[in-house]
Structures are given as structure tokens and as C-alpha cells.
Amino acid sequence: MRRGILIFLITTIVVLGFAVHHVWTLLELLVVDGREDAILRAELPAPNSGAISERPQLIPKIIHQTYINESIPEHWKSPQQSCIDMHPDYEYKLWTDKKSREFIAAEYPWFLETFDGYPYPIQRADAIRYFVLHHFGGIYIDLDDGCNRSLDPLLAYPAWVRKTTPTGISNDAMGSVPRHKFFLNAIDRLPDYNRRWPLPYITVMASTGPLYLSVIWRHYNKAQPEDADRVRILFPAEYNNHSWSFFTHHLGNSWHNNDVKLIFWMASHWAVITVIGFTVGLALLWCLYSTFAVTRQANSHKGKFAFSRIPFYRRISSKDIELNDRHQV
């Protein structure tokens, strides 16, 4: 019994270790918020300050956006136009599905098979933003994000992304110089994360969306300690909801399906679900061990019983008893 318990404990430790190893980066994202790379509000010039022109311009003045075609829905025209009107000296690029595929085929043909094979259009919309930032540089903005002030102060950072809740970073507003190492990593790892999951939301988030980018960001920071190549983080207060914020947020989430409600509920109760998951896992392991122990004990007794009923065994046993008795006499 003691040996069985030891085997059970070792098996449990191995299984838990294997599980934790595979989700370690996700667990890290729960506690790593990127504060060490934050774009501090104190270092940003006021919206109408003359100090804006004194800052270096590293990122080229290009705004990238994506949509199926050039017929932008009415509820997104206002935020789109706010960014165009506020940045007359910026080049504006709208990446339609047709333009996106032509660009990938011409500049990154190694990715075309993966690009065409994505089951959901939003995956291609996610992927193309990483490629155009790597190739051209500039600032990518989702159509449901409007501009609240000039983006010029954000041109001073070689690469930046937005912090999101409850964890990780988002891919709805990003900026980069051309060929930045972070976006090189982002496009290079896309084929490796191209997996299908039971829920469409998980498939999108983990293969091309914010969860994917958050994992790449975490791995990148571990391997890239140099300050010059670090990705700066735009925190929520600087993102929207204040007069000094850079963006305004509007109706979005056009690709969300019914499975999103379940995911959001799970995200808001992740601690309870984690405890329940480990409890159920340990209970299953204990049930397997108990079944194994009972079966082993039953087979042991059954083996002895069946063995003792074999005629040959009984004759040999009787002779041994007689010889033993004679020896004692």
C-alpha cells in the first residue's frame, strides 16, 4: 500500500508539473503587468504643448487600419475620420482583404498558405497588422478606436502596444519602427501557433489575437533585456477615458460569437475555476489509484485462491508437509 501511495504521489507531481509547464507563460501574464516598460504620463507632453515638436520621430507617420473592403460601416466612419482629420501629414493605409492577400503574396510568400488557411477572417485581419508594422512601420489602429489627440508623442518610441485587462496586451492600437525585433518575432511564430481549439474565440485569441501577442511579448521580454529593444506599454489612462488620452473607444467586437459570453464568464471567475480544475484533477487521479489498488488486491487474492486449487499444487504441498513432519521426528 505504501508503495502504491508513493507511485500515486509521484504520478500526481509529474502530471501537475507537466500541466504547469505548458501554461506557465499564461500564469505569468496574471502577475506581470509591464509597469517597468510603461509610457509614463509624466513623460508625455500635454495635448497642445509645444514640447511635442521637440521629441524625436522614430516611427514613420503612417496610420494602418483593416476592413473587409472599402465600405466602412456607418458606426465606424466617425472614429476613422477623426484619426484622418487629426493627422493630415500622416499617410493613411486601409488594408482590405484583397490588398492584404496581395501584400502577403508579394512580400511574405512563405506565410501565404497559413494566411489562406485561417478558418476565420479576423485571424487574417489580426495577422496582417503585424506584417505591415514590421514592413512599413507606423501606427495600427482598430476601426472602433477614434483619435482624441495627436499621436505625434507616440512616434518617439521604437515600439509600443496597449495594456489590456485582465491580463496581457492588446493588438488594437500599436506602433513600431520598420523591422523591429518584436514584430519580427510576432510574424515568425504565427505558423507555430496556428491551432484549432473547440471554441472559435479561443482559436482566434490564441493563434493571432491579443492572447497570442501577449505570449510573444512575454517570451520576447525574457530574451531581450536591452532597453533599446524593449516594447513600451500604453496603460489604460493614457489609452482612453481622459482628456489627455490618445484614443476614444467605440462599438466594436464585430467578430464575437455566442461562445464569448462563456469565455468572459470564465475570465471573471478564473480563480474559482482554477481551484475546481485542480480539485477535479486530483480527484480523478485518486479514483484511478483506488481502482488500481482494489483491482490489484482482488487479483492477488484470486490468484492465490486459484493457485491453491490446482491438483498438482496440492500434491506437492502435501508431500512437503509429510517430509517436513518426518524430518522433525
# chains A, B, ... in the order shown; residues from 1 in each chain; ligands from 1
call {"tool": "residues_around", "arguments": {"residues": "Pro56 (chain A)", "least_positions_apart": "4", "cutoff": "10 Å", "atoms": "only C-alpha atoms", "output": "list of chain:residue names"}}
result
A:Ile52, A:Asp152, A:Pro153, A:Leu154, A:Leu155, A:Ala156, A:Tyr157
call {"tool": "residues_around", "arguments": {"residues": "Glu91 (chain A)", "least_positions_apart": "2", "cutoff": "7 Å", "atoms": "only C-alpha atoms", "output": "count of residues only"}}
result
5
call {"tool": "residues_around", "arguments": {"residues": "Arg179 (chain A)", "least_positions_apart": "6", "cutoff": "10 Å", "atoms": "only C-alpha atoms", "output": "number ranges by chain"}}
result
A: 131-137
call {"tool": "closest_residue", "arguments": {"among": "A:Pro88, A:Pro191, A:Pro121, A:Pro45", "to": "Thr66 (chain A)", "atoms": "only C-alpha atoms"}}
result
A:Pro121
call {"tool": "closest_residue", "arguments": {"among": "A:Ile141, A:Ile122, A:Val231, A:Ile276", "to": "Trp76 (chain A)", "atoms": "only C-alpha atoms"}}
result
A:Ile141
call {"tool": "residues_around", "arguments": {"residues": "Asp192 (chain A)", "least_positions_apart": "2", "cutoff": "12 Å", "atoms": "only C-alpha atoms", "output": "PyMOL selection string"}}
result
chain A and resi 111+114+185-190+194-196+206-208+212+216
call {"tool": "write_last_selection", "arguments": {"atoms": "N, CA and C atoms", "output": "PDB file, in the first residue's frame"}}
result
ATOM      1  N   PHE A 111       4.287  32.825 -45.929  1.00  0.00           N
ATOM      2  CA  PHE A 111       3.160  32.808 -44.992  1.00  0.00           C
ATOM      3  C   PHE A 111       1.809  32.666 -45.701  1.00  0.00           C
ATOM      4  N   THR A 114      -0.503  29.644 -44.781  1.00  0.00           N
ATOM      5  CA  THR A 114      -1.113  29.804 -43.458  1.00  0.00           C
ATOM      6  C   THR A 114      -2.184  30.885 -43.494  1.00  0.00           C
ATOM      7  N   ASN A 185       9.459  38.773 -34.434  1.00  0.00           N
ATOM      8  CA  ASN A 185       9.088  37.573 -33.676  1.00  0.00           C
ATOM      9  C   ASN A 185       7.611  37.253 -33.838  1.00  0.00           C
ATOM     10  N   ALA A 186       6.785  38.307 -33.840  1.00  0.00           N
ATOM     11  CA  ALA A 186       5.342  38.102 -33.936  1.00  0.00           C
ATOM     12  C   ALA A 186       4.948  37.435 -35.251  1.00  0.00           C
ATOM     13  N   ILE A 187       5.550  37.854 -36.359  1.00  0.00           N
ATOM     14  CA  ILE A 187       5.183  37.240 -37.641  1.00  0.00           C
ATOM     15  C   ILE A 187       5.845  35.875 -37.816  1.00  0.00           C
ATOM     16  N   ASP A 188       7.027  35.714 -37.238  1.00  0.00           N
ATOM     17  CA  ASP A 188       7.757  34.462 -37.408  1.00  0.00           C
ATOM     18  C   ASP A 188       7.080  33.302 -36.695  1.00  0.00           C
ATOM     19  N   ARG A 189       6.418  33.562 -35.548  1.00  0.00           N
ATOM     20  CA  ARG A 189       5.835  32.494 -34.753  1.00  0.00           C
ATOM     21  C   ARG A 189       4.384  32.182 -35.107  1.00  0.00           C
ATOM     22  N   LEU A 190       3.788  32.952 -35.990  1.00  0.00           N
ATOM     23  CA  LEU A 190       2.386  32.735 -36.345  1.00  0.00           C
ATOM     24  C   LEU A 190       2.089  31.307 -36.812  1.00  0.00           C
ATOM     25  N   ASN A 194      -0.720  28.246 -35.061  1.00  0.00           N
ATOM     26  CA  ASN A 194      -1.914  28.048 -35.882  1.00  0.00           C
ATOM     27  C   ASN A 194      -2.573  26.712 -35.531  1.00  0.00           C
ATOM     28  N   ARG A 195      -3.375  26.730 -34.461  1.00  0.00           N
ATOM     29  CA  ARG A 195      -4.059  25.523 -33.997  1.00  0.00           C
ATOM     30  C   ARG A 195      -5.556  25.787 -33.884  1.00  0.00           C
ATOM     31  N   ARG A 196      -6.342  24.719 -34.033  1.00  0.00           N
ATOM     32  CA  ARG A 196      -7.788  24.805 -33.868  1.00  0.00           C
ATOM     33  C   ARG A 196      -8.151  24.363 -32.464  1.00  0.00           C
ATOM     34  N   ALA A 206      -5.797  32.767 -29.350  1.00  0.00           N
ATOM     35  CA  ALA A 206      -4.524  32.071 -29.103  1.00  0.00           C
ATOM     36  C   ALA A 206      -3.675  31.927 -30.352  1.00  0.00           C
ATOM     37  N   SER A 207      -4.254  32.077 -31.530  1.00  0.00           N
ATOM     38  CA  SER A 207      -3.482  31.869 -32.759  1.00  0.00           C
ATOM     39  C   SER A 207      -2.989  33.164 -33.386  1.00  0.00           C
ATOM     40  N   THR A 208      -3.786  34.242 -33.265  1.00  0.00           N
ATOM     41  CA  THR A 208      -3.390  35.519 -33.885  1.00  0.00           C
ATOM     42  C   THR A 208      -3.733  36.738 -33.039  1.00  0.00           C
ATOM     43  N   TYR A 212      -2.276  35.613 -28.179  1.00  0.00           N
ATOM     44  CA  TYR A 212      -1.068  35.233 -28.926  1.00  0.00           C
ATOM     45  C   TYR A 212       0.011  36.298 -28.785  1.00  0.00           C
ATOM     46  N   ILE A 216       3.830  36.112 -27.038  1.00  0.00           N
ATOM     47  CA  ILE A 216       5.040  36.509 -27.763  1.00  0.00           C
ATOM     48  C   ILE A 216       5.760  37.631 -27.020  1.00  0.00           C
TER      49      ILE A 216
END
call {"tool": "closest_residue", "arguments": {"among": "A:Phe182, A:Tyr140, A:Tyr201, A:Tyr67", "to": "Tyr220 (chain A)", "atoms": "only C-alpha atoms"}}
result
A:Phe182
call {"tool": "select_by_dssp", "arguments": {"residues": "region 63-211 of chain A", "states": "strand (DSSP E)", "output": "PyMOL selection string"}}
result
chain A and resi 63-66+91-95+138-141+145-147+159-163+169-176
call {"tool": "atom_distance", "arguments": {"atom1": "CA of Phe247 (chain A)", "atom2": "CA of Gly209 (chain A)"}}
result
20.1 Å
call {"tool": "closest_residue", "arguments": {"among": "A:Tyr239, A:Trp197, A:Trp95, A:Trp217", "to": "Ile68 (chain A)", "atoms": "only C-alpha atoms"}}
result
A:Trp95
call {"tool": "atom_distance", "arguments": {"atom1": "CA of Val177 (chain A)", "atom2": "CA of Thr203 (chain A)"}}
result
28.8 Å
call {"tool": "select_by_dssp", "arguments": {"residues": "region 62-284 of chain A", "states": "alpha helix (DSSP H)", "output": "VMD selection string"}}
result
chain A and resid 74 to 86 97 to 107 112 to 117 121 to 135 181 to 188 200 to 207 210 to 223 236 to 239 259 to 268 270 to 284
call {"tool": "residues_around", "arguments": {"residues": "His180 (chain A)", "least_positions_apart": "3", "cutoff": "8 Å", "atoms": "only C-alpha atoms", "output": "CSV table (one decimal) with C-alpha atoms, in the first residue's frame"}}
result
chain,number,residue,atom,x,y,z
A,134,HIS,CA,7.1,45.0,-39.5
A,158,PRO,CA,10.6,52.4,-31.3
A,159,ALA,CA,7.7,50.0,-30.5
A,176,SER,CA,6.6,50.4,-34.4
A,177,VAL,CA,9.6,51.4,-36.5
A,183,PHE,CA,7.2,42.3,-34.7
A,184,LEU,CA,9.7,40.1,-36.4
A,229,ASP,CA,14.7,47.0,-27.9
call {"tool": "closest_residue", "arguments": {"among": "A:Tyr289, A:Tyr130, A:Tyr90, A:Phe278", "to": "Pro210 (chain A)", "atoms": "only C-alpha atoms"}}
result
A:Tyr130
call {"tool": "residues_around", "arguments": {"residues": "region 32-34 of chain A", "least_positions_apart": "6", "cutoff": "10 Å", "atoms": "only C-alpha atoms", "output": "PyMOL selection string"}}
result
chain A and resi 25-26+163-169+217-218+221+231-235
call {"tool": "closest_residue", "arguments": {"among": "A:Ser170, A:Phe115, A:Gly146, A:Lys222", "to": "Phe103 (chain A)", "atoms": "only C-alpha atoms"}}
result
A:Phe115
